[in-house]
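Structure, as structure tokens:
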Amino acid sequence: MRRFWISAVLGLELLLGGTLTASARASGVPDFNIRAICAPEHRAGSSAVDRASYRGCLSDEAAARRTLVRRWTTFDVAERRTCAAESQIGGAPSYVAMLTCLQLGSDALPVNPSGPP
């Protein structure tokens, strides 16, 4: 009977295209208020440059969150804790800061890029 339920859950997982796994991974990613993160750009002014800066901030934070949701379980648990705390230093927490921290911790980003500056 237990084997039947395991098979049923795995079959459902395949049928739904991995959504169960994705939602399980998403539950570990901290929930930050992206609008609060980008509030300084929003308050900067009403010029076209200010509006573009605000939209860019929202887009960058949303993209970083999507990447974190997708890759959350690939990062070390201790690194996730450390980076979550560090991303909240000095104001509103940031998904971009957290993702950068995790990538640096896992050697996913070059620390000393080669080539001319």
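Letters A, B, ... mark the chains of the structure tokens in the order given; residue numbers begin at 1 per chain; ligand numbers begin at 1, in order shown.
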
Contact residues around Asp31 of chain A with only C-alpha atoms at 12 Å, ignoring same-chain residues under 4 positions, as a list in words: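 Counting only C-alpha atoms, the residues come to Ala26, Ser27, Ala36, Ile37, Glu61, Ala62, Arg65, Arg66, Leu68, Val69, Ala84, Gln88, Ala92, Pro93, Ser94, Tyr95 and Met98 of chain A.
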
Near-Tyr54 of chain A list (12 Å; only C-alpha atoms; drop same-chain fewer than 5 positions) as an MDAnalysis selection string: chainID A and resid 34:49 59:61

Separation of atom CA of Ser53 of chain A from atom CA of Thr67 of chain A in Å: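 Between atom CA of Thr67 of chain A and atom CA of Ser53 of chain A the gap is 21.0 Å.
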
Atomic distance atom CA of Arg71 of chain A - atom CA of Ala52 of chain A, expressed in Å with one decimal: 28.2 Å

Atom pair atom CA of Ala85 of chain A / atom CA of Ser106 of chain A: separation (Å): 16.7 Å
